[in-house]
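Enquirer: Just one file: final_29.cif, with mmCIF, C-alpha atoms.
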```cif
data_protein
#
loop_
_atom_site.label_atom_id
_atom_site.label_comp_id
_atom_site.auth_asym_id
_atom_site.auth_seq_id
_atom_site.Cartn_x
_atom_site.Cartn_y
_atom_site.Cartn_z
CA PRO I 1 -14.97 -1.61 11.21
CA PRO I 2 -13.05 1.68 11.13
CA ARG I 3 -12.01 3.04 14.52
CA ARG I 4 -11.35 6.59 15.76
CA TRP I 5 -8.92 7.08 18.64
CA ARG I 6 -6.86 9.74 20.33
CA SER I 7 -3.22 9.53 19.36
CA PRO I 8 -0.56 9.18 22.10
CA LEU I 9 2.08 10.48 19.67
CA PRO I 10 4.67 13.04 20.87
CA ASP I 11 4.40 16.73 20.05
CA ASP I 12 6.40 16.62 16.82
CA HIS I 13 3.92 14.11 15.38
CA CYS I 14 0.97 16.15 16.63
CA CYS I 15 2.16 19.33 15.03
CA ALA I 16 2.83 17.61 11.74
CA VAL I 17 -0.70 16.21 11.55
CA SER I 18 -2.23 19.37 12.89
CA SER I 19 -0.50 21.55 10.32
CA VAL I 20 -1.95 19.54 7.49
CA GLY I 21 -5.43 20.52 8.53
CA ASN I 22 -4.62 24.24 8.12
CA GLY I 23 -5.61 25.50 4.69
CA ARG I 24 -8.03 24.35 2.06
CA MET I 25 -5.28 23.46 -0.38
CA ARG I 26 -3.69 21.00 2.04
CA SER I 27 -7.05 19.42 2.88
CA LEU I 28 -7.94 19.09 -0.81
CA CYS I 29 -4.54 17.65 -1.63
CA LEU I 30 -4.65 15.18 1.26
CA SER I 31 -8.12 13.98 0.25
CA SER I 32 -7.11 13.57 -3.40
CA LEU I 33 -4.00 11.62 -2.48
CA LEU I 34 -6.02 9.35 -0.21
CA LEU I 35 -8.17 8.33 -3.15
CA LEU I 36 -5.13 7.94 -5.37
CA HIS I 37 -3.38 5.70 -2.90
CA GLY I 38 -6.33 3.33 -3.05
CA ALA I 39 -5.36 0.68 -0.55
CA CYS I 40 -2.65 2.88 0.97
CA CYS I 41 -3.19 5.51 3.62
CA CYS I 42 -2.13 9.14 4.09
CA TYR I 43 -0.46 9.63 7.45
CA ILE I 44 1.91 12.57 7.68
CA ALA I 45 5.46 11.80 8.73
CA PRO I 46 6.82 13.53 11.88
CA ALA I 47 7.85 17.14 11.39
CA SER I 48 11.41 18.13 12.14
CA ARG I 49 12.20 19.54 15.59
CA SER I 50 12.62 23.03 14.18
CA GLU I 51 9.08 23.03 12.81
CA CYS I 52 7.65 22.47 16.29
CA SER I 53 10.14 24.45 18.33
CA ASN I 54 7.86 27.49 18.61
CA THR I 55 6.37 27.62 22.13
CA ALA I 56 3.07 29.08 20.98
CA SER I 57 2.83 26.42 18.31
CA ARG I 58 3.45 23.71 20.89
CA ARG I 59 0.61 25.03 23.05
CA ARG I 60 -1.73 24.64 20.10
CA CYS I 61 -0.65 21.06 19.50
CA ARG I 62 -3.07 18.49 20.85
CA PRO I 63 -3.03 14.72 20.36
CA PRO I 64 -5.08 14.37 17.17
CA LEU I 65 -7.89 11.95 16.58
CA LEU I 66 -6.74 9.23 14.22
CA TRP I 67 -8.85 6.99 12.00
CA SER I 68 -7.85 3.38 11.34
CA GLY I 69 -9.22 0.78 8.97
CA GLU I 70 -8.40 -2.40 7.10
CA THR I 71 -8.88 -3.66 3.55
CA SER I 72 -8.56 -7.27 2.40
CA ALA I 73 -9.14 -9.39 -0.69
CA GLU I 74 -8.43 -12.91 -1.90
CA LEU I 75 -8.53 -14.99 -5.07
CA VAL I 76 -7.42 -18.37 -6.34
CA ILE I 77 -4.53 -18.51 -8.81
CA ARG I 78 -3.76 -21.58 -10.91
CA ALA I 79 -0.07 -21.68 -10.03
CA PRO I 80 2.00 -23.27 -7.22
CA PRO I 81 2.64 -21.27 -4.00
CA GLN I 82 6.43 -21.30 -4.45
CA LEU I 83 6.21 -19.55 -7.82
CA LEU I 84 3.73 -16.95 -6.56
CA PHE I 85 5.77 -16.22 -3.45
CA GLU I 86 9.07 -15.85 -5.33
CA VAL I 87 7.61 -13.42 -7.85
CA TYR I 88 5.64 -11.40 -5.28
CA ALA I 89 8.71 -11.15 -3.04
CA ASP I 90 10.53 -9.41 -5.91
CA ILE I 91 9.06 -6.12 -4.73
CA GLU I 92 10.69 -4.06 -7.49
CA ARG I 93 8.15 -5.68 -9.82
CA MET I 94 5.22 -4.27 -7.83
CA PRO I 95 4.49 -1.52 -10.41
CA GLU I 96 3.72 -4.32 -12.90
CA TRP I 97 0.71 -5.26 -10.79
CA SER I 98 -0.24 -1.81 -9.50
CA PRO I 99 -0.27 1.02 -12.09
CA LEU I 100 -0.60 3.56 -9.25
CA LEU I 101 3.04 2.91 -8.37
CA GLU I 102 5.72 4.79 -10.29
CA ARG I 103 8.60 2.69 -8.96
CA VAL I 104 9.79 0.52 -6.06
CA THR I 105 13.51 0.38 -5.29
CA LEU I 106 15.14 -2.10 -2.92
CA VAL I 107 17.77 0.19 -1.37
CA ASP I 108 19.04 -2.21 1.32
CA PRO I 109 18.60 -5.89 0.43
CA ALA I 110 20.05 -7.10 3.73
CA ALA I 111 17.57 -5.08 5.81
CA ARG I 112 14.86 -5.50 3.14
CA ARG I 113 14.35 -1.73 3.13
CA SER I 114 12.76 -0.19 0.07
CA GLU I 115 11.69 3.17 -1.36
CA TRP I 116 8.27 3.58 -2.99
CA ALA I 117 7.01 6.32 -5.29
CA LEU I 118 3.39 6.90 -6.23
CA ARG I 119 2.38 7.74 -9.79
CA VAL I 120 0.70 11.15 -9.44
CA PRO I 121 -1.20 12.97 -12.23
CA ARG I 122 0.49 16.21 -13.27
CA PRO I 123 -2.27 18.56 -11.97
CA LEU I 124 -2.14 16.86 -8.57
CA THR I 125 1.66 17.03 -8.55
CA ARG I 126 1.44 20.83 -8.58
CA LEU I 127 -0.96 20.71 -5.64
CA VAL I 128 1.36 18.36 -3.75
CA ASN I 129 4.33 20.68 -4.22
CA ALA I 130 2.34 23.80 -3.33
CA ALA I 131 0.90 22.20 -0.20
CA GLY I 132 4.25 20.77 0.92
CA LEU I 133 2.96 17.19 1.00
CA GLN I 134 5.70 15.51 -1.03
CA ASN I 135 6.11 12.89 1.70
CA LEU I 136 2.73 11.45 0.70
CA VAL I 137 3.96 10.38 -2.73
CA GLN I 138 7.32 8.91 -1.66
CA TRP I 139 7.95 6.75 1.38
CA GLU I 140 10.13 3.99 2.80
CA ALA I 141 9.08 0.52 3.92
CA MET I 142 10.57 -2.75 5.06
CA HIS I 143 9.32 -6.30 4.58
CA GLU I 144 9.72 -9.74 6.13
CA LEU I 145 9.70 -13.06 4.30
CA ASP I 146 8.25 -16.38 5.43
CA PRO I 147 8.80 -18.49 2.31
CA PRO I 148 6.74 -19.73 0.66
CA ARG I 149 3.80 -18.88 2.90
CA ALA I 150 3.78 -15.13 3.53
CA LEU I 151 5.28 -11.70 2.93
CA ARG I 152 4.67 -8.97 5.52
CA TRP I 153 5.50 -5.28 5.35
CA ARG I 154 5.24 -2.01 7.24
CA SER I 155 5.99 1.57 6.32
CA LEU I 156 8.91 3.45 7.83
CA SER I 157 7.99 6.95 6.69
CA GLY I 158 5.42 8.98 4.80
CA VAL I 159 2.52 6.57 4.72
CA GLN I 160 1.65 4.60 7.86
CA ASN I 161 0.41 1.21 6.74
CA SER I 162 1.18 -2.46 7.18
CA GLY I 163 -0.07 -5.72 5.82
CA GLU I 164 0.64 -9.19 4.56
CA ALA I 165 0.18 -11.40 1.54
CA THR I 166 -0.30 -15.12 2.18
CA PHE I 167 -0.09 -18.04 -0.23
CA THR I 168 -2.04 -21.17 0.76
CA PRO I 169 -2.23 -24.32 -1.39
CA VAL I 170 -5.75 -25.30 -2.41
CA ALA I 171 -6.61 -28.74 -1.01
CA GLY I 172 -6.68 -31.36 -3.74
CA GLN I 173 -5.28 -28.97 -6.36
CA PRO I 174 -1.46 -29.03 -6.29
CA ARG I 175 -1.21 -26.29 -8.92
CA ALA I 176 -3.70 -23.88 -7.33
CA THR I 177 -3.10 -21.34 -4.55
CA THR I 178 -5.35 -19.06 -2.52
CA VAL I 179 -3.73 -15.62 -2.29
CA ARG I 180 -4.97 -13.35 0.50
CA LEU I 181 -3.96 -9.71 0.74
CA ARG I 182 -4.65 -7.69 3.89
CA MET I 183 -3.70 -4.06 4.53
CA SER I 184 -4.29 -1.91 7.60
CA TYR I 185 -3.82 1.85 7.67
CA THR I 186 -4.11 4.88 9.92
CA LEU I 187 -5.32 8.30 8.77
CA PRO I 188 -5.60 11.75 10.31
CA ASP I 189 -9.20 12.25 11.45
CA LEU I 190 -9.83 14.89 8.78
CA ALA I 191 -9.39 12.17 6.13
CA GLY I 192 -11.57 9.61 7.93
CA PRO I 193 -14.94 10.82 6.60
CA LEU I 194 -13.58 10.69 3.05
CA ALA I 195 -12.24 7.17 3.53
CA GLU I 196 -15.64 6.00 4.75
CA THR I 197 -17.52 7.20 1.67
CA ARG I 198 -18.90 4.66 -0.78
CA LEU I 199 -16.79 6.18 -3.56
CA ALA I 200 -13.53 5.81 -1.62
CA GLN I 201 -14.30 2.28 -0.45
CA SER I 202 -15.25 1.24 -3.97
CA PHE I 203 -12.04 2.75 -5.34
CA VAL I 204 -9.94 0.91 -2.75
CA ARG I 205 -11.58 -2.42 -3.57
CA ARG I 206 -11.23 -1.91 -7.32
CA THR I 207 -7.58 -0.89 -6.95
CA MET I 208 -6.68 -3.90 -4.83
CA HIS I 209 -8.68 -6.34 -6.97
CA GLY I 210 -7.20 -4.91 -10.17
CA ALA I 211 -3.65 -5.39 -8.88
CA MET I 212 -4.40 -8.96 -7.80
CA THR I 213 -6.03 -9.75 -11.14
CA ARG I 214 -2.98 -8.53 -13.07
CA PHE I 215 -0.76 -10.63 -10.83
CA ARG I 216 -3.01 -13.67 -11.34
CA ASP I 217 -3.03 -13.35 -15.13
CA ALA I 218 0.75 -13.03 -15.35
CA MET I 219 1.39 -15.92 -12.96
CA GLU I 220 -1.10 -18.28 -14.58
CA ALA I 221 0.47 -17.61 -17.97
CA GLN I 222 3.96 -18.23 -16.53
CA ALA I 223 2.87 -21.42 -14.76
CA ALA I 224 1.14 -22.71 -17.89
CA ALA I 225 4.22 -21.97 -19.98
CA ALA I 226 6.32 -23.99 -17.51
CA VAL I 227 3.90 -26.91 -17.82
CA ALA I 228 4.08 -26.65 -21.60
CA ALA I 229 7.89 -26.77 -21.48
CA ASP I 230 7.83 -29.82 -19.20
CA ASP I 231 5.40 -31.56 -21.56
CA GLY I 232 7.62 -30.88 -24.53
CA GLY I 233 5.05 -28.56 -26.10
CA GLY I 234 2.22 -31.11 -26.07
CA GLY I 235 -0.99 -30.63 -24.14
CA GLY I 236 0.69 -28.02 -21.94
CA ALA I 237 0.97 -25.67 -24.90
CA ALA I 238 -2.79 -25.49 -25.18
CA ILE I 239 -3.00 -24.73 -21.46
CA ALA I 240 -0.46 -21.92 -21.81
CA GLU I 241 -2.35 -20.42 -24.74
CA ALA I 242 -5.65 -20.57 -22.86
CA ALA I 243 -4.10 -18.93 -19.79
CA MET I 244 -2.68 -16.03 -21.81
CA GLU I 245 -6.05 -15.47 -23.47
CA ALA I 246 -7.93 -15.49 -20.13
#
```
With the file now loaded, output its structure as structure tokens.
Expert:
Amino acid sequence: PPRRWRSPLPDDHCCAVSSVGNGRMRSLCLSSLLLLHGACCCYIAPASRSECSNTASRRRCRPPLLWSGETSAELVIRAPPQLLFEVYADIERMPEWSPLLERVTLVDPAARRSEWALRVPRPLTRLVNAAGLQNLVQWEAMHELDPPRALRWRSLSGVQNSGEATFTPVAGQPRATTVRLRMSYTLPDLAGPLAETRLAQSFVRRTMHGAMTRFRDAMEAQAAAAVAADDGGGGGAAIAEAAMEA
């Protein structure tokens, strides 16, 4: 279940979170972005030193209450784990599965560091710019690979979240895999009540399930096409056609 706790973060983090709560526009923008992120969370990145250098401002900074939660989903895909892992590990293809993502760029392959950009509706973009919350729609992350069993990630800026995707063979079905996706996130306390609403929870589940369903459909079609090629276009061709129609 969601938890609320007092943050031990240093002053520059406190001020950054605290400043977001000042002003209706920022609160509205933060709430809207939380819904748009779906499975992602809206934690404000640390402010620069100059933004918290004011002594009076520092006196007002208090460790904020933070809200944490977790979302998970799973489904069975008729494709081998190796194929699913290799495609999912190509993180620049993530926007194919999640329409909420504008782009994902692998900026440092050696360190597996990437930049992510959220697809934001134009009216909300104006709110984001006016409220100074651009760091909620672009962020950096890094991921770890455990082929072909798991991919794990954590954010480095902008959005504080982490999670993993696991790929487990289904017993007795060599061409079937159980894919589990788990994501944990931390929000400023002002966003917690919104995240707990039935609307927000339903949106998060639909977003995650929709992304997994798109991934499943594409992978089952690809796996069936591979079977068809191996069979020389015989019975496998019918399987491929059925998978693409599913």
Enquirer: Selection in question (the file shown): the PyMOL selection byres ((chain I and resi 113-126) around 6). Which residues does it include, as JSON, numbers by chain?
Expert: {"I": [100, 101, 102, 103, 104, 105, 106, 107, 108, 111, 112, 127, 128, 129, 137, 138, 139, 140, 141, 142]}
Enquirer: What does the distance between CA of Pro148 in chain I and CA of Leu83 in chain I come to in Å, to one decimal place?
Expert: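 Distance reported for this atom pair: 8.5 Å.
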Enquirer: Nearest to Arg78 in chain I: which of I:Ala165, I:Leu145, I:Leu66, I:Ala224 is it, counting all atoms listed in the file?
Expert: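 Of all the options, I:Ala224 lies closest to Arg78 in chain I.
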Enquirer: Nearest to Thr178 in chain I: which of I:Thr166, I:Arg205, I:Arg93, I:Ala110 is it, counting all atoms listed in the file?
Expert: I:Thr166
Enquirer: What would the list of residues within 12 Å of (-4.8, -24.4, 1.1) (file frame) look like as a list in words, if all atoms listed in the file are what count?
Expert: Leu75, Val76, Ile77, Pro80, Pro81, Arg149, Thr166, Phe167, Thr168, Pro169, Val170, Ala171, Gly172, Gln173, Pro174, Arg175, Ala176, Thr177, Thr178, Val179 and Arg180 of chain I
Enquirer: Please produce a file of those selected residues containing C-alpha atoms, as a PDB file, keeping the file's coordinate frame.
Expert:
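Heads up, here's the output in out_10.pdb:
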```pdb
ATOM      1  CA  LEU I  75      -8.530 -14.990  -5.070  1.00  0.00           C
ATOM      2  CA  VAL I  76      -7.420 -18.370  -6.340  1.00  0.00           C
ATOM      3  CA  ILE I  77      -4.530 -18.510  -8.810  1.00  0.00           C
ATOM      4  CA  PRO I  80       2.000 -23.270  -7.220  1.00  0.00           C
ATOM      5  CA  PRO I  81       2.640 -21.270  -4.000  1.00  0.00           C
ATOM      6  CA  ARG I 149       3.800 -18.880   2.900  1.00  0.00           C
ATOM      7  CA  THR I 166      -0.300 -15.120   2.180  1.00  0.00           C
ATOM      8  CA  PHE I 167      -0.090 -18.040  -0.230  1.00  0.00           C
ATOM      9  CA  THR I 168      -2.040 -21.170   0.760  1.00  0.00           C
ATOM     10  CA  PRO I 169      -2.230 -24.320  -1.390  1.00  0.00           C
ATOM     11  CA  VAL I 170      -5.750 -25.300  -2.410  1.00  0.00           C
ATOM     12  CA  ALA I 171      -6.610 -28.740  -1.010  1.00  0.00           C
ATOM     13  CA  GLY I 172      -6.680 -31.360  -3.740  1.00  0.00           C
ATOM     14  CA  GLN I 173      -5.280 -28.970  -6.360  1.00  0.00           C
ATOM     15  CA  PRO I 174      -1.460 -29.030  -6.290  1.00  0.00           C
ATOM     16  CA  ARG I 175      -1.210 -26.290  -8.920  1.00  0.00           C
ATOM     17  CA  ALA I 176      -3.700 -23.880  -7.330  1.00  0.00           C
ATOM     18  CA  THR I 177      -3.100 -21.340  -4.550  1.00  0.00           C
ATOM     19  CA  THR I 178      -5.350 -19.060  -2.520  1.00  0.00           C
ATOM     20  CA  VAL I 179      -3.730 -15.620  -2.290  1.00  0.00           C
ATOM     21  CA  ARG I 180      -4.970 -13.350   0.500  1.00  0.00           C
TER      22      ARG I 180
END
```
Enquirer: Edge lengths and centre in Å to one decimal, as JSON, of the axis-aligned box that encloses all listed atoms of range 147-164 of chain I with 5 Å added on every side?
Expert:
```
{"center_x": 4.4, "center_y": -5.4, "center_z": 4.3, "size_x": 19.0, "size_y": 38.7, "size_z": 17.2}
```
Enquirer: Grab the CA of Ala89 in chain I to CA of Leu151 in chain I distance for me, in Å with one decimal place.
Expert: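 Atom-to-atom, CA of Ala89 in chain I and CA of Leu151 in chain I are spaced 6.9 Å apart.
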Enquirer: Please indicate the distance in Å from CA of Val204 in chain I to CA of Thr71 in chain I, rounded to one decimal place.
Expert: 7.9 Å
Enquirer: Would you list the contacts of Leu181 in chain I as a list of chain:residue names, taking every protein, DNA or RNA residue within 8 Å and counting all atoms listed in the file, but skipping same-chain residues closer than 3 positions in sequence?
Expert: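 Selected residues are I:Ser72, I:Ala73, I:Glu74, I:Gly163, I:Glu164, I:Ala165, I:Thr166.
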Enquirer: From the list I:Pro109, I:Gly232, I:Gly210, I:Pro147, which residue is nearest Glu86 in chain I when using all atoms listed in the file?
Expert: I:Pro147
Enquirer: Could you make a table, as a tab-separated table, of the residues of range 91-170 of chain I that have an atom within 8 Å of an atom of range 211-219 of chain I, each with its nearest atom pair and distance in Å to one decimal, counting only C-alpha atoms, in chain and number order?
Expert:
```
residue	atom	partner	partner_atom	distance
I:Glu96	CA	I:Arg214	CA	7.9
I:Trp97	CA	I:Ala211	CA	4.8
I:Ser98	CA	I:Ala211	CA	5.0
I:Pro99	CA	I:Ala211	CA	7.9
```
Enquirer: The PyMOL selection byres ((chain I and resi 69) around 6) on the file shown: which residues, as a list in words?
Expert: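 Those residues are Pro2, Ser68, Glu70, Ser184 and Tyr185 of chain I.
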